[in-house]
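Pasted below: input_4.cif, mmCIF, C-alpha atoms.
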```cif
data_data
loop_
_atom_site.group_PDB
_atom_site.id
_atom_site.type_symbol
_atom_site.label_atom_id
_atom_site.label_comp_id
_atom_site.auth_asym_id
_atom_site.auth_seq_id
_atom_site.Cartn_x
_atom_site.Cartn_y
_atom_site.Cartn_z
ATOM 1 C CA MET K 1 126.485 -155.960 -13.211
ATOM 2 C CA ASP K 2 124.553 -152.719 -12.999
ATOM 3 C CA TRP K 3 122.788 -153.288 -16.308
ATOM 4 C CA LEU K 4 121.764 -156.780 -15.199
ATOM 5 C CA SER K 5 119.878 -155.509 -12.151
ATOM 6 C CA THR K 6 118.269 -152.770 -14.256
ATOM 7 C CA ALA K 7 117.135 -155.242 -16.896
ATOM 8 C CA SER K 8 115.833 -157.727 -14.340
ATOM 9 C CA GLY K 9 113.944 -154.962 -12.523
ATOM 10 C CA PHE K 10 112.384 -153.845 -15.777
ATOM 11 C CA ILE K 11 111.348 -157.385 -16.689
ATOM 12 C CA VAL K 12 109.872 -158.081 -13.240
ATOM 13 C CA GLY K 13 108.042 -154.735 -13.234
ATOM 14 C CA PHE K 14 106.664 -155.324 -16.707
ATOM 15 C CA GLY K 15 105.521 -158.795 -15.688
ATOM 16 C CA VAL K 16 103.754 -157.570 -12.556
ATOM 17 C CA VAL K 17 101.999 -154.758 -14.426
ATOM 18 C CA SER K 18 100.971 -157.189 -17.177
ATOM 19 C CA ILE K 19 99.470 -159.603 -14.656
ATOM 20 C CA ILE K 20 97.560 -156.795 -12.907
ATOM 21 C CA ALA K 21 96.271 -155.495 -16.251
ATOM 22 C CA LEU K 22 95.131 -158.984 -17.256
ATOM 23 C CA ILE K 23 93.278 -159.492 -13.962
ATOM 24 C CA TYR K 24 91.659 -156.054 -14.236
ATOM 25 C CA TRP K 25 90.615 -156.707 -17.840
ATOM 26 C CA ARG K 26 89.048 -160.078 -17.018
ATOM 27 C CA LYS K 27 87.232 -158.705 -13.974
ATOM 28 C CA GLY K 28 86.073 -155.695 -16.009
ATOM 29 C CA LYS K 29 84.676 -157.899 -18.745
ATOM 30 C CA LYS K 30 82.887 -160.018 -16.151
ATOM 31 C CA ASP K 31 81.420 -156.983 -14.333
ATOM 32 C CA ARG K 32 80.661 -155.190 -17.636
ATOM 33 C CA LEU K 33 82.883 -152.227 -16.780
ATOM 34 C CA PHE K 34 83.587 -151.524 -20.436
ATOM 35 C CA ASP K 35 80.061 -151.142 -21.794
ATOM 36 C CA GLU K 36 78.335 -147.957 -23.006
ATOM 37 C CA ARG K 37 76.557 -147.159 -19.753
ATOM 38 C CA TYR K 38 79.779 -147.230 -17.749
ATOM 39 C CA GLU K 39 81.478 -144.953 -20.274
ATOM 40 C CA LYS K 40 78.516 -142.549 -20.383
ATOM 41 C CA VAL K 41 78.410 -142.235 -16.591
ATOM 42 C CA HIS K 42 82.108 -141.485 -16.314
ATOM 43 C CA VAL K 43 82.156 -139.016 -19.206
ATOM 44 C CA LYS K 44 79.388 -136.993 -17.561
ATOM 45 C CA ALA K 45 81.053 -137.275 -14.157
ATOM 46 C CA ARG K 46 84.389 -136.060 -15.548
ATOM 47 C CA THR K 47 82.639 -133.131 -17.228
ATOM 48 C CA VAL K 48 81.012 -131.994 -13.988
ATOM 49 C CA SER K 49 84.206 -132.527 -12.036
ATOM 50 C CA TRP K 50 86.411 -130.573 -14.453
ATOM 51 C CA ILE K 51 83.976 -127.663 -14.698
ATOM 52 C CA THR K 52 83.956 -127.454 -10.892
ATOM 53 C CA PHE K 53 87.720 -127.887 -10.708
ATOM 54 C CA VAL K 54 88.597 -125.213 -13.254
ATOM 55 C CA GLY K 55 86.102 -122.691 -11.884
ATOM 56 C CA LEU K 56 87.267 -123.108 -8.310
ATOM 57 C CA SER K 57 90.935 -123.054 -9.285
ATOM 58 C CA TYR K 58 90.530 -119.662 -10.950
ATOM 59 C CA LEU K 59 88.660 -118.234 -7.968
ATOM 60 C CA LEU K 60 91.069 -119.642 -5.390
ATOM 61 C CA ALA K 61 94.184 -118.598 -7.287
ATOM 62 C CA ILE K 62 92.945 -115.019 -7.612
ATOM 63 C CA ALA K 63 91.830 -114.912 -3.969
ATOM 64 C CA ALA K 64 95.135 -116.354 -2.753
ATOM 65 C CA LEU K 65 97.212 -113.893 -4.741
ATOM 66 C CA ILE K 66 95.160 -110.928 -3.524
ATOM 67 C CA ILE K 67 94.871 -111.909 0.146
ATOM 68 C CA GLU K 68 98.009 -113.780 1.121
ATOM 69 C CA GLY K 69 100.530 -114.151 -1.669
ATOM 70 C CA LEU K 70 102.229 -117.306 -2.877
ATOM 71 C CA THR K 71 102.360 -119.187 0.442
ATOM 72 C CA LEU K 72 98.615 -119.631 0.814
ATOM 73 C CA ALA K 73 98.151 -120.230 -2.906
ATOM 74 C CA SER K 74 99.931 -123.575 -2.846
ATOM 75 C CA MET K 75 97.842 -124.833 0.086
ATOM 76 C CA LEU K 76 94.601 -123.700 -1.539
ATOM 77 C CA LEU K 77 95.407 -125.240 -4.898
ATOM 78 C CA THR K 78 96.342 -128.521 -3.217
ATOM 79 C CA SER K 79 93.036 -128.575 -1.365
ATOM 80 C CA LEU K 80 91.312 -127.702 -4.631
ATOM 81 C CA TYR K 81 92.728 -130.849 -6.189
ATOM 82 C CA GLY K 82 91.170 -132.851 -3.356
ATOM 83 C CA VAL K 83 87.836 -131.121 -3.950
ATOM 84 C CA GLY K 84 88.080 -132.016 -7.638
ATOM 85 C CA LEU K 85 88.529 -135.683 -6.789
ATOM 86 C CA ILE K 86 85.643 -135.618 -4.305
ATOM 87 C CA THR K 87 83.290 -133.943 -6.812
ATOM 88 C CA TYR K 88 84.211 -136.586 -9.377
ATOM 89 C CA PHE K 89 83.296 -139.321 -6.891
ATOM 90 C CA ILE K 90 79.980 -137.644 -6.019
ATOM 91 C CA ALA K 91 79.147 -137.076 -9.697
ATOM 92 C CA VAL K 92 79.766 -140.770 -10.433
ATOM 93 C CA LEU K 93 77.383 -141.727 -7.639
ATOM 94 C CA ILE K 94 74.693 -139.324 -8.907
ATOM 95 C CA TYR K 95 74.944 -140.338 -12.556
ATOM 96 C CA ASN K 96 75.059 -144.029 -11.670
ATOM 97 C CA ARG K 97 71.599 -143.654 -10.156
ATOM 98 C CA LYS K 98 70.214 -141.541 -13.006
ATOM 99 C CA LEU K 99 71.375 -143.708 -15.927
#
```

Whole structure, structure tokens version:
Amino acid sequence: MDWLSTASGFIVGFGVVSIIALIYWRKGKKDRLFDERYEKVHVKARTVSWITFVGLSYLLAIAALIIEGLTLASMLLTSLYGVGLITYFIAVLIYNRKL
């Protein structure tokens, strides 16, 4: 009976994900989320975000290892990930207005 619940869970999960993907695709086509302008904005936003993310991660990792050791490093790198996501959001807003 164990394989039956696994198979049914897989089928239900696949069905739910398929329905969500179909809804997202139809809404995206309607809102023109898949055109060139959308792609151009997000490519530039990802570039800015990753440059910021990598630069800050190097600086924070070196600072954490020098000042505090490994305990502070994990907290700083976690907060750095949040900063990377926020800079991506801000870059999308800026490039959406420019393009």

- Answer key for the PyMOL selection byres ((chain K and resi 52-67) around 8), residues as a list in words: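 On the file shown, the PyMOL selection byres ((chain K and resi 52-67) around 8) covers Val48, Ser49, Trp50, Ile51, Glu68, Gly69, Leu70, Leu72, Ala73, Leu76, Leu77, Leu80, Tyr81, Val83, Gly84 and Thr87 of chain K.
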
- Message: Between CA of Leu4 in chain K and CA of Ser18 in chain K, what is the distance in Å, rounded to a tenth?
- Response: 20.9 Å

- Message: To test your reading of the syntax: which residues would the PyMOL selection byres ((chain K and resi 93-96) around 12) return for the file shown? Reply as a PyMOL selection string.
- Response: chain K and resi 37-48+86-92+97-99

- Query: Could you state the separation of CA of Leu85 in chain K and CA of Val17 in chain K in Å, given to one decimal place?
  - Reply: 24.6 Å

Work out where the centre of an axis-aligned box around every listed atom of range 6-9 of chain K lies and how long its edges are once 3 Å is added on each side; give both in Å to one decimal as AutoDock Vina command-line options.
```
--center_x 116.1 --center_y -155.2 --center_z -14.7 --size_x 10.3 --size_y 11.0 --size_z 10.4
```

- Item | Atomic distance CA of Gly9 in chain K - CA of Gly28 in chain K, expressed in Å with one decimal |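 Interatomic distance, CA of Gly9 in chain K to CA of Gly28 in chain K: 28.1 Å.
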